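S.K.: Structure: structure.txt, compact mmCIF, C-alpha atoms.
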```txt
# COMPACT_ATOMS: atom_id res chain seq x y z
CA MET U 276 74.43 105.81 118.40
CA VAL U 277 75.16 106.03 114.67
CA GLU U 278 76.40 109.55 115.34
CA THR U 279 78.77 108.25 118.04
CA LEU U 280 80.10 105.69 115.57
CA LEU U 281 80.60 108.29 112.83
CA ILE U 282 82.37 110.78 115.11
CA ALA U 283 84.72 108.08 116.42
CA TRP U 284 85.37 106.98 112.81
CA ARG U 285 86.21 110.51 111.74
CA GLU U 286 88.42 111.18 114.77
CA SER U 287 90.52 108.04 114.28
CA LEU U 288 90.67 107.94 110.48
CA GLU U 289 93.70 110.18 110.04
CA ALA U 290 95.75 108.14 112.51
CA ALA U 291 94.68 104.87 110.87
CA LEU U 292 95.59 106.11 107.39
CA ILE U 293 99.01 107.47 108.39
CA VAL U 294 99.94 104.30 110.29
CA GLY U 295 98.55 102.32 107.34
CA ILE U 296 100.81 104.09 104.85
CA LEU U 297 103.87 103.54 107.03
CA LEU U 298 103.12 99.84 107.54
CA THR U 299 102.44 99.26 103.84
CA TYR U 300 105.59 101.13 102.90
CA LEU U 301 107.74 99.12 105.30
CA SER U 302 106.21 95.74 104.56
CA ARG U 303 106.68 96.19 100.81
CA THR U 304 110.33 97.03 101.29
CA GLY U 305 110.90 94.17 103.74
CA GLN U 306 111.90 96.42 106.63
CA ARG U 307 110.49 94.36 109.50
CA ALA U 308 112.33 96.26 112.23
CA GLY U 309 110.59 99.43 111.09
CA ILE U 310 107.18 97.77 111.36
CA VAL U 311 107.85 96.88 114.99
CA TYR U 312 108.74 100.50 115.76
CA VAL U 313 105.61 101.83 114.06
CA TRP U 314 103.52 99.52 116.27
CA LEU U 315 105.53 100.57 119.33
CA GLY U 316 104.83 104.24 118.56
CA THR U 317 101.17 103.43 118.00
CA GLY U 318 100.84 101.46 121.22
CA ALA U 319 102.61 104.12 123.27
CA ALA U 320 100.32 106.78 121.78
CA VAL U 321 97.16 104.82 122.63
CA LEU U 322 98.33 104.45 126.24
CA ALA U 323 99.36 108.12 126.43
CA ALA U 324 96.02 109.24 124.96
CA LEU U 325 94.12 107.13 127.51
CA ALA U 326 96.25 108.53 130.34
CA CYS U 327 95.79 112.14 129.13
CA GLY U 328 92.07 111.68 128.54
CA PHE U 329 91.46 110.38 132.04
CA ALA U 330 93.87 112.75 133.78
CA SER U 331 92.40 115.85 132.17
CA ASN U 332 88.84 114.85 133.01
CA GLY U 333 89.68 114.81 136.70
CA ALA U 334 91.55 117.89 137.79
CA ALA U 335 91.97 120.52 135.08
CA SER U 336 95.34 119.92 133.51
CA ARG U 337 98.27 122.04 134.63
CA LEU U 338 98.95 123.92 131.42
CA ASP U 339 96.86 126.83 130.24
CA PRO U 340 94.66 125.52 127.36
CA ASP U 341 96.02 128.03 124.83
CA THR U 342 99.58 126.96 125.70
CA GLN U 343 98.54 123.34 125.15
CA GLU U 344 97.19 124.27 121.72
CA LEU U 345 100.44 126.06 120.90
CA LEU U 346 102.37 122.96 121.94
CA GLN U 347 100.17 120.87 119.65
CA ALA U 348 101.00 123.17 116.76
CA GLY U 349 104.71 122.73 117.58
CA VAL U 350 104.30 118.94 117.61
CA LEU U 351 102.62 119.09 114.20
CA PHE U 352 105.56 121.02 112.72
CA LEU U 353 107.94 118.51 114.28
CA ALA U 354 105.94 115.70 112.66
CA VAL U 355 106.15 117.47 109.30
CA GLY U 356 109.94 117.65 109.64
CA VAL U 357 110.34 113.99 110.60
CA LEU U 358 107.93 112.81 107.92
CA THR U 359 109.71 114.82 105.21
CA TRP U 360 113.07 113.43 106.28
CA MET U 361 111.73 109.85 106.26
CA VAL U 362 110.15 110.16 102.81
CA VAL U 363 113.23 111.64 101.16
CA TRP U 364 115.44 109.09 102.87
CA MET U 365 113.23 106.17 101.82
CA HIS U 366 113.33 107.41 98.25
CA ARG U 367 117.10 107.68 98.21
CA ARG U 368 117.09 103.97 98.82
CA ALA U 369 114.24 103.09 96.48
CA GLY U 370 116.54 102.34 93.55
CA ASP U 371 118.56 99.96 95.71
CA LEU U 372 115.56 97.85 96.48
CA GLY U 373 115.53 95.63 93.42
CA GLY U 374 116.69 92.01 93.37
CA GLU U 375 119.57 91.02 95.58
CA LEU U 376 119.90 94.32 97.40
CA ARG U 377 116.35 94.09 98.60
CA ARG U 378 117.14 91.26 100.99
CA LYS U 379 119.82 93.32 102.68
CA ALA U 380 117.34 96.07 103.46
CA ASP U 381 115.98 94.01 106.34
CA ALA U 382 118.85 94.81 108.65
CA ALA U 383 119.60 98.25 107.36
CA LEU U 384 117.45 100.65 109.41
CA ALA U 385 119.52 102.83 111.75
CA THR U 386 118.25 103.67 115.24
CA GLY U 387 117.50 107.28 114.33
CA ARG U 388 115.27 106.19 111.49
CA LEU U 389 113.47 103.64 113.64
CA LEU U 390 112.82 106.34 116.22
CA GLY U 391 111.65 108.62 113.41
CA LEU U 392 109.08 106.03 112.35
CA ALA U 393 107.93 105.53 115.94
CA THR U 394 107.65 109.32 116.36
CA ILE U 395 105.44 109.78 113.30
CA ALA U 396 103.15 106.93 114.40
CA PHE U 397 103.08 108.33 117.93
CA VAL U 398 102.18 111.88 116.88
CA ALA U 399 99.53 110.72 114.40
CA VAL U 400 97.83 108.40 116.87
CA PHE U 401 98.20 110.55 119.99
CA ARG U 402 96.81 113.67 118.34
CA GLU U 403 93.57 111.99 117.28
CA GLY U 404 93.62 109.54 120.17
CA VAL U 405 93.22 112.17 122.87
CA GLU U 406 90.17 113.58 121.11
CA THR U 407 88.64 110.13 120.64
CA VAL U 408 89.21 109.27 124.31
CA LEU U 409 87.73 112.58 125.49
CA PHE U 410 84.73 112.18 123.24
CA LEU U 411 84.01 108.58 124.23
CA TRP U 412 84.62 109.31 127.90
CA GLY U 413 82.07 112.13 127.66
CA VAL U 414 79.57 109.81 126.04
CA LEU U 415 80.01 107.33 128.91
CA VAL U 416 79.79 109.92 131.69
CA GLN U 417 76.67 111.52 130.30
CA ARG U 418 74.73 108.31 130.20
CA ALA U 419 75.43 106.77 133.54
CA ASP U 420 73.11 103.87 132.87
CA LEU U 421 73.04 100.66 130.88
CA SER U 422 72.77 102.46 127.51
CA ALA U 423 76.31 103.80 128.10
CA ALA U 424 77.70 100.39 127.22
CA SER U 425 76.07 100.36 123.79
CA PHE U 426 77.38 103.86 123.06
CA ALA U 427 80.87 102.78 124.08
CA VAL U 428 80.57 99.82 121.73
CA ALA U 429 79.44 102.16 118.94
CA GLY U 430 82.48 104.36 119.59
CA LEU U 431 84.89 101.44 119.55
CA ALA U 432 83.19 100.15 116.40
CA GLY U 433 83.89 103.56 114.85
CA VAL U 434 87.59 103.20 115.66
CA ALA U 435 87.59 99.67 114.22
CA LEU U 436 85.81 100.96 111.12
CA ALA U 437 88.54 103.59 110.65
CA MET U 438 91.17 100.85 110.78
CA GLY U 439 89.09 98.84 108.29
CA THR U 440 88.88 101.85 105.98
CA ALA U 441 92.67 102.24 106.07
CA TRP U 442 93.13 98.51 105.45
CA LEU U 443 90.81 98.58 102.42
CA PHE U 444 92.58 101.67 101.12
CA PHE U 445 96.02 100.08 101.26
CA ARG U 446 95.04 96.59 100.13
CA GLY U 447 95.14 97.82 96.54
CA PHE U 448 98.65 99.17 97.09
CA HIS U 449 100.03 95.69 97.66
CA ARG U 450 99.41 94.75 94.05
CA MET U 451 101.17 97.74 92.52
CA ASN U 452 104.65 97.21 91.14
CA LEU U 453 107.36 98.39 93.50
CA ARG U 454 108.49 101.47 91.63
CA LEU U 455 104.98 102.83 91.08
CA PHE U 456 104.15 101.98 94.69
CA PHE U 457 107.10 104.04 95.90
CA GLN U 458 106.15 106.99 93.81
CA VAL U 459 102.51 106.93 94.85
CA THR U 460 103.11 106.48 98.58
CA GLY U 461 105.98 108.98 98.60
CA VAL U 462 103.81 111.65 97.02
CA LEU U 463 100.92 110.69 99.30
CA LEU U 464 103.09 111.06 102.41
CA LEU U 465 104.22 114.50 101.23
CA PHE U 466 100.58 115.52 100.91
CA VAL U 467 99.93 114.16 104.40
CA ALA U 468 102.84 116.26 105.67
CA ALA U 469 101.55 119.35 103.83
CA GLY U 470 98.13 118.78 105.43
CA LEU U 471 99.73 118.52 108.88
CA ALA U 472 101.70 121.73 108.24
CA SER U 473 98.61 123.66 107.24
CA SER U 474 96.66 122.34 110.21
CA GLY U 475 99.52 123.50 112.47
CA VAL U 476 99.21 126.92 110.87
CA ASN U 477 95.43 126.78 111.34
CA LYS U 478 96.06 126.37 115.08
CA LEU U 479 98.38 129.40 115.14
CA ILE U 480 95.71 131.44 113.33
CA GLY U 481 93.03 130.31 115.77
CA LEU U 482 95.31 131.28 118.66
CA GLY U 483 95.68 134.76 117.20
CA TYR U 484 99.45 134.57 116.66
CA VAL U 485 99.35 134.89 112.89
CA SER U 486 96.92 136.45 110.47
CA PRO U 487 95.00 134.22 108.03
CA ILE U 488 95.65 137.05 105.48
CA VAL U 489 92.29 136.19 103.88
CA PRO U 490 90.02 134.11 106.15
CA GLN U 491 88.42 132.15 103.31
CA VAL U 492 90.03 131.78 99.88
CA TRP U 493 87.37 129.50 98.46
CA ASN U 494 84.38 127.49 99.53
CA SER U 495 84.19 123.98 98.10
CA SER U 496 81.63 122.70 100.62
CA TRP U 497 79.05 122.42 97.81
CA LEU U 498 81.35 119.78 96.28
CA VAL U 499 82.84 117.98 99.29
CA ARG U 500 81.57 118.76 102.78
CA ASP U 501 84.13 118.56 105.60
CA ASP U 502 81.93 116.17 107.57
CA SER U 503 81.12 113.83 104.66
CA PRO U 504 82.99 110.50 104.50
CA LEU U 505 84.92 111.67 101.42
CA GLY U 506 85.72 114.98 103.16
CA ALA U 507 87.03 113.04 106.16
CA VAL U 508 89.25 110.78 104.02
CA LEU U 509 90.57 113.74 102.02
CA GLY U 510 91.05 115.72 105.23
CA ALA U 511 93.12 112.91 106.71
CA LEU U 512 95.18 112.25 103.58
CA VAL U 513 95.77 115.62 101.97
CA GLY U 514 94.57 118.03 104.67
CA TYR U 515 91.38 118.94 102.80
CA ARG U 516 89.28 121.75 104.23
CA SER U 517 86.33 123.20 102.36
CA ARG U 518 87.08 126.81 103.39
CA PRO U 519 90.80 127.28 103.86
CA SER U 520 92.44 130.59 104.69
CA LEU U 521 95.01 132.09 102.34
CA LEU U 522 97.85 131.45 104.77
CA GLU U 523 97.02 127.73 104.97
CA VAL U 524 96.94 127.51 101.17
CA LEU U 525 100.27 129.37 100.93
CA VAL U 526 101.94 127.00 103.39
CA TYR U 527 100.64 124.06 101.37
CA VAL U 528 101.82 125.55 98.10
CA ALA U 529 105.21 126.49 99.58
CA TYR U 530 105.72 122.93 100.83
CA VAL U 531 104.49 120.61 98.09
CA PRO U 532 106.39 121.70 94.93
CA PRO U 533 109.91 121.88 96.46
CA MET U 534 109.35 118.56 98.22
CA LEU U 535 108.10 116.87 95.03
CA TRP U 536 111.28 118.12 93.43
CA ALA U 537 113.39 116.76 96.31
CA LEU U 538 111.60 113.43 95.96
CA TRP U 539 112.25 113.34 92.23
CA ARG U 540 115.93 114.10 92.87
CA ALA U 541 116.12 111.36 95.49
CA ASP U 542 114.53 108.84 93.09
CA HIS U 543 116.77 109.92 90.27
CA GLY U 544 119.89 109.78 92.44
CA SER U 545 119.10 106.31 93.75
CA ARG U 546 118.47 105.02 90.24
CA LEU U 547 121.80 106.47 89.10
CA ARG U 548 123.61 104.89 92.04
CA ALA U 549 121.95 101.54 91.38
CA GLY U 550 122.84 101.83 87.68
CA ARG U 551 126.47 102.59 88.47
CA ARG U 552 126.67 99.62 90.80
CA VAL U 553 125.28 97.30 88.11
CA ALA U 554 127.79 98.71 85.61
CA ARG U 555 130.64 98.18 88.08
CA SER U 556 129.74 94.59 88.86
CA ALA U 557 129.39 93.87 85.13
CA ALA U 558 132.83 95.29 84.37
CA MET B 131 119.45 126.61 97.07
CA PRO B 132 118.40 123.16 98.35
CA PRO B 133 114.63 122.81 98.71
CA THR B 134 114.66 122.38 102.48
CA ARG B 135 116.59 125.62 102.92
CA SER B 136 114.42 127.55 100.48
CA PHE B 137 111.38 126.17 102.27
CA ALA B 138 112.76 127.43 105.59
CA ALA B 139 113.43 130.83 104.02
CA VAL B 140 109.89 131.02 102.67
CA LEU B 141 108.56 130.07 106.10
CA ALA B 142 110.64 132.70 107.88
CA LEU B 143 109.64 135.39 105.41
CA GLY B 144 106.01 134.33 105.66
CA ALA B 145 106.11 134.36 109.47
CA ALA B 146 107.49 137.90 109.45
CA LEU B 147 104.70 139.01 107.11
CA VAL B 148 101.77 137.47 108.92
CA ALA B 149 102.78 137.72 112.59
CA VAL B 150 100.15 139.59 114.52
CA PRO B 151 101.04 142.09 117.25
CA ALA B 152 100.49 140.41 120.61
CA ARG B 153 97.09 138.87 119.93
CA ALA B 154 95.29 142.23 119.97
CA GLU B 155 91.57 142.17 119.27
CA ASP B 156 88.81 144.66 118.53
CA ARG B 157 85.94 142.68 119.96
CA THR B 158 85.66 140.04 122.68
CA VAL B 159 82.67 137.75 122.80
CA ALA B 160 81.99 135.37 125.70
CA LEU B 161 80.41 132.08 124.76
CA LYS B 162 79.36 129.51 127.35
CA VAL B 163 78.62 125.87 126.65
CA ALA B 164 76.09 124.40 129.05
CA GLU B 165 74.10 121.15 128.98
CA ASP B 166 71.28 122.80 127.03
CA GLY B 167 73.58 124.35 124.43
CA PHE B 168 75.55 127.49 123.67
CA SER B 169 74.66 130.67 125.49
CA PRO B 170 74.12 132.98 123.87
CA SER B 171 73.28 130.84 120.85
CA GLU B 172 73.65 133.85 118.59
CA ILE B 173 76.66 136.16 118.85
CA GLU B 174 77.46 139.26 116.84
CA ALA B 175 80.57 140.99 115.57
CA PRO B 176 81.42 143.75 113.09
CA SER B 177 82.80 142.71 109.70
CA GLY B 178 86.54 143.01 109.15
CA ALA B 179 87.25 143.15 112.90
CA ARG B 180 89.62 140.99 114.89
CA ILE B 181 87.38 138.95 117.16
CA ARG B 182 88.28 136.88 120.20
CA ILE B 183 85.68 134.34 121.26
CA GLU B 184 86.14 133.10 124.81
CA VAL B 185 84.63 129.63 124.83
CA THR B 186 83.91 128.34 128.34
CA ASN B 187 82.90 124.74 128.91
CA ALA B 188 80.45 124.71 131.83
CA THR B 189 79.56 121.04 131.38
CA PRO B 190 81.23 118.14 133.23
CA VAL B 191 82.66 116.58 130.04
CA ALA B 192 84.89 117.73 127.18
CA ILE B 193 83.31 119.58 124.26
CA GLU B 194 84.68 120.56 120.86
CA PHE B 195 83.88 124.02 119.56
CA GLU B 196 83.81 123.52 115.80
CA SER B 197 82.80 125.43 112.71
CA PHE B 198 83.39 124.46 109.11
CA GLU B 199 82.29 127.94 108.07
CA LEU B 200 84.85 129.60 110.31
CA ASN B 201 87.49 126.89 109.72
CA ARG B 202 88.06 126.40 113.46
CA GLU B 203 88.01 123.51 115.91
CA ARG B 204 89.05 123.46 119.54
CA VAL B 205 88.55 120.89 122.26
CA VAL B 206 87.57 122.50 125.58
CA GLN B 207 88.02 120.56 128.80
CA PRO B 208 85.37 120.78 131.53
CA GLY B 209 85.58 124.07 133.42
CA GLN B 210 88.16 125.57 131.06
CA THR B 211 88.08 128.61 128.82
CA VAL B 212 89.88 128.81 125.47
CA ASN B 213 90.38 131.74 123.11
CA VAL B 214 89.41 131.41 119.47
CA TYR B 215 90.59 134.25 117.24
CA LEU B 216 88.91 135.28 114.00
CA SER B 217 89.70 138.15 111.69
CA GLY B 218 88.71 139.84 108.48
CA LEU B 219 85.32 138.13 108.19
CA ASP B 220 82.81 139.31 105.61
CA ALA B 221 79.26 140.06 106.68
CA GLY B 222 77.18 136.92 106.96
CA ARG B 223 76.02 134.08 109.20
CA TYR B 224 78.62 131.58 110.38
CA GLU B 225 77.35 128.47 112.13
CA PHE B 226 79.25 126.66 114.86
CA PHE B 227 78.52 123.53 116.91
CA ASP B 228 79.82 121.19 119.57
CA ASP B 229 81.32 118.32 117.59
CA PHE B 230 81.03 115.96 120.56
CA HIS B 231 77.34 116.81 121.14
CA GLN B 232 76.00 117.89 117.81
CA GLN B 233 72.58 119.01 119.05
CA ARG B 234 74.37 122.06 120.51
CA ARG B 235 74.49 124.70 117.78
CA GLY B 236 74.96 128.42 117.50
CA VAL B 237 75.66 131.13 114.99
CA LEU B 238 78.01 134.10 114.66
CA VAL B 239 76.36 136.96 112.84
CA VAL B 240 78.89 139.31 111.24
CA LYS B 241 77.42 142.69 110.25
```
Could you quickly redo this structure as structure tokens?
M.R.:
Amino acid sequence: MVETLLIAWRESLEAALIVGILLTYLSRTGQRAGIVYVWLGTGAAVLAALACGFASNGAASRLDPDTQELLQAGVLFLAVGVLTWMVVWMHRRAGDLGGELRRKADAALATGRLLGLATIAFVAVFREGVETVLFLWGVLVQRADLSAASFAVAGLAGVALAMGTAWLFFRGFHRMNLRLFFQVTGVLLLFVAAGLASSGVNKLIGLGYVSPIVPQVWNSSWLVRDDSPLGAVLGALVGYRSRPSLLEVLVYVAYVPPMLWALWRADHGSRLRAGRRVARSAA
Amino acid sequence: MPPTRSFAAVLALGAALVAVPARAEDRTVALKVAEDGFSPSEIEAPSGARIRIEVTNATPVAIEFESFELNRERVVQPGQTVNVYLSGLDAGRYEFFDDFHQQRRGVLVVK
């Protein structure tokens, strides 16, 4: 039963953390409309995961399983693109968010951006949600007696625990000053995106479409095991794996530095714009 | 060059370098998951080879073929078969398990 709880926790942690970052980000910048869309994406993903979980347990699903996996890799790359766009965009505005301008931010999210937020939440939750539903459904089917109920409760408790973990994690973020908060969450989201990109690549390697180049560059399992709580949190946040292949590492390394630079530019640009505006209004 | 474009260029170049011709493999290993575990529970492959493991789920519920040592995880629906590719492995023992039913364990021995 403890095992059921831990597996459900691990499966839903990534989704909880990503949705948690988005919600914290939006609530600190007063973008209420964005929060609604994140919840809409989350809700839609939960329903879709339930539907997929149940549908696929009946008749085998229509698509060949390897094609499904390929599609999942495609969805991950799409999520990386949307996430990158959102982070850079949010940072362009970061300098505008002080004082008077901050109040105006409430109304300022365009439809495309709202859909972007909903998409990220949807992908994050759906991806892990399907696995959680399949796992819990299996637990229920295998114990077709009264004990099934307690296992289901343990599974749901695991999901709740994942949400609690995310909440605890982001509680501290509310106290940070706004500029530091932006920098930390922006960088964190880029690491999330890098992790998603390398897990997309991991799928392509597993499907035999690309070579890992070197199957295992290092082995840090003596330090942080993949299935330890810390390994799970790091896996969800920065895409940690104890034995990554060279290709996954290369994708990570190709993504993070240019994006950190883009983020720095966006911050810098927004500060300059804000500075110019202050100078103009003073003149 | 803007970072997004240079990133795309790096990706394209990388893809060209690492693309594998039509999922060819040197060794195919069939692996069945039944109620009582993996069968066979020990599989073998030569080192350095491209290996395709055909994982078939013969149980009535979903399983997840997973291995930290091989850096792979794949959900397999009841009655379905998925392909898991591995390549360039050094000699050694690589454990795998069903993440949804962790008493089911097996090992890939690379010689």
S.K.: Looking at only C-alpha atoms, which of U:Gly387, U:Ala468, U:Arg516, U:Val355 is the one that sits closest to U:Arg500?
M.R.: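 Looking only at the distances to U:Arg500, the closest residue turns out to be U:Arg516.
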S.K.: Just how far from atom CA of U:Leu463 is atom CA of U:Ala324, in Å to one decimal?
M.R.: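 So the two atoms, atom CA of U:Ala324 and atom CA of U:Leu463, lie 26.2 Å apart.
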S.K.: Compile the contact shell of B:Gly209 as a count of residues only: residues with an atom at most 9 Å away, counting all atoms listed in the file, same-chain residues fewer than 3 positions apart removed.
M.R.: 9
S.K.: Within 9 Å of B:Pro176, counting all atoms listed in the file, which residues show up once you throw out same-chain ones fewer than 3 positions away? Write them as JSON, numbers by chain, please.
M.R.: {"B": [157, 179, 180, 181, 219, 220, 221, 239, 240, 241]}
S.K.: Expressed in Å to a single decimal, how great is the separation between atom CA of U:Leu411 and atom CA of B:Gln232?
M.R.: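 A separation of 13.9 Å between them.
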S.K.: Could you work out an axis-aligned bounding box for all listed atoms of stretch 196-200 of chain B, with 5 Å added on each of the six sides, and give its centre and edge lengths in Å to one decimal, as JSON?
M.R.:
```
{"center_x": 83.6, "center_y": 126.6, "center_z": 111.9, "size_x": 12.6, "size_y": 16.1, "size_z": 17.7}
```
S.K.: List as JSON lines every residue of chain U that is in contact with chain B, defined as an atom at most 6 Å from one of its atoms (using all atoms listed in the file), together with the nearest atom pair and the distance in Å rounded to one decimal, sorted by chain and then rising number.
M.R.:
```
{"residue": "U:Phe410", "atom": "CA", "partner": "B:Phe230", "partner_atom": "CA", "distance": 5.9}
{"residue": "U:Gly413", "atom": "CA", "partner": "B:Val191", "partner_atom": "CA", "distance": 5.1}
{"residue": "U:Gly481", "atom": "CA", "partner": "B:Tyr215", "partner_atom": "CA", "distance": 4.9}
{"residue": "U:Leu482", "atom": "CA", "partner": "B:Tyr215", "partner_atom": "CA", "distance": 5.8}
{"residue": "U:Gly483", "atom": "CA", "partner": "B:Tyr215", "partner_atom": "CA", "distance": 5.1}
{"residue": "U:Tyr484", "atom": "CA", "partner": "B:Val150", "partner_atom": "CA", "distance": 5.5}
{"residue": "U:Val485", "atom": "CA", "partner": "B:Ala149", "partner_atom": "CA", "distance": 4.5}
{"residue": "U:Ser486", "atom": "CA", "partner": "B:Val148", "partner_atom": "CA", "distance": 5.2}
{"residue": "U:Pro533", "atom": "CA", "partner": "B:Pro133", "partner_atom": "CA", "distance": 5.3}
```
S.K.: Please save C-alpha atoms of the selected residues as a PDB file, in the frame of the given file.
M.R.:
```pdb
ATOM      1  CA  PHE U 410      84.730 112.180 123.240  1.00  0.00           C
ATOM      2  CA  GLY U 413      82.070 112.130 127.660  1.00  0.00           C
ATOM      3  CA  GLY U 481      93.030 130.310 115.770  1.00  0.00           C
ATOM      4  CA  LEU U 482      95.310 131.280 118.660  1.00  0.00           C
ATOM      5  CA  GLY U 483      95.680 134.760 117.200  1.00  0.00           C
ATOM      6  CA  TYR U 484      99.450 134.570 116.660  1.00  0.00           C
ATOM      7  CA  VAL U 485      99.350 134.890 112.890  1.00  0.00           C
ATOM      8  CA  SER U 486      96.920 136.450 110.470  1.00  0.00           C
ATOM      9  CA  PRO U 533     109.910 121.880  96.460  1.00  0.00           C
TER      10      PRO U 533
END
```
S.K.: Kindly add N, CA and C atoms to the incomplete stretch 188-204 of chain B and provide the output as a JSON list (two decimals), in the coordinates of the input.
M.R.:
```
[["chain", "number", "residue", "atom", "x", "y", "z"],
["B", 188, "ALA", "N", 81.07, 124.81, 130.50],
["B", 188, "ALA", "CA", 80.45, 124.71, 131.83],
["B", 188, "ALA", "C", 79.81, 123.35, 132.06],
["B", 189, "THR", "N", 80.12, 122.39, 131.19],
["B", 189, "THR", "CA", 79.56, 121.04, 131.38],
["B", 189, "THR", "C", 80.63, 120.15, 132.02],
["B", 190, "PRO", "N", 80.23, 119.00, 132.55],
["B", 190, "PRO", "CA", 81.23, 118.14, 133.23],
["B", 190, "PRO", "C", 82.09, 117.29, 132.29],
["B", 191, "VAL", "N", 81.83, 117.37, 130.96],
["B", 191, "VAL", "CA", 82.66, 116.58, 130.04],
["B", 191, "VAL", "C", 83.23, 117.47, 128.93],
["B", 192, "ALA", "N", 84.23, 116.95, 128.23],
["B", 192, "ALA", "CA", 84.89, 117.73, 127.18],
["B", 192, "ALA", "C", 83.91, 118.06, 126.05],
["B", 193, "ILE", "N", 84.09, 119.22, 125.44],
["B", 193, "ILE", "CA", 83.31, 119.58, 124.26],
["B", 193, "ILE", "C", 84.30, 119.95, 123.15],
["B", 194, "GLU", "N", 83.82, 120.04, 121.92],
["B", 194, "GLU", "CA", 84.68, 120.56, 120.86],
["B", 194, "GLU", "C", 83.94, 121.67, 120.12],
["B", 195, "PHE", "N", 84.43, 122.89, 120.31],
["B", 195, "PHE", "CA", 83.88, 124.02, 119.56],
["B", 195, "PHE", "C", 84.35, 123.85, 118.13],
["B", 196, "GLU", "N", 83.41, 123.75, 117.18],
["B", 196, "GLU", "CA", 83.81, 123.52, 115.80],
["B", 196, "GLU", "C", 82.93, 124.29, 114.83],
["B", 197, "SER", "N", 83.56, 124.76, 113.76],
["B", 197, "SER", "CA", 82.80, 125.43, 112.71],
["B", 197, "SER", "C", 83.51, 125.22, 111.40],
["B", 198, "PHE", "N", 82.81, 124.61, 110.44],
["B", 198, "PHE", "CA", 83.39, 124.46, 109.11],
["B", 198, "PHE", "C", 83.42, 125.82, 108.43],
["B", 199, "GLU", "N", 82.40, 126.65, 108.74],
["B", 199, "GLU", "CA", 82.29, 127.94, 108.07],
["B", 199, "GLU", "C", 83.35, 128.92, 108.54],
["B", 200, "LEU", "N", 83.79, 128.73, 109.79],
["B", 200, "LEU", "CA", 84.85, 129.60, 110.31],
["B", 200, "LEU", "C", 86.22, 128.93, 110.23],
["B", 201, "ASN", "N", 86.23, 127.64, 109.82],
["B", 201, "ASN", "CA", 87.49, 126.89, 109.72],
["B", 201, "ASN", "C", 88.22, 126.82, 111.07],
["B", 202, "ARG", "N", 87.47, 126.50, 112.12],
["B", 202, "ARG", "CA", 88.06, 126.40, 113.46],
["B", 202, "ARG", "C", 87.58, 125.15, 114.16],
["B", 203, "GLU", "N", 88.45, 124.54, 114.98],
["B", 203, "GLU", "CA", 88.01, 123.51, 115.91],
["B", 203, "GLU", "C", 88.90, 123.52, 117.13],
["B", 204, "ARG", "N", 88.29, 123.43, 118.29],
["B", 204, "ARG", "CA", 89.05, 123.46, 119.54],
["B", 204, "ARG", "C", 88.36, 122.62, 120.58]]
```
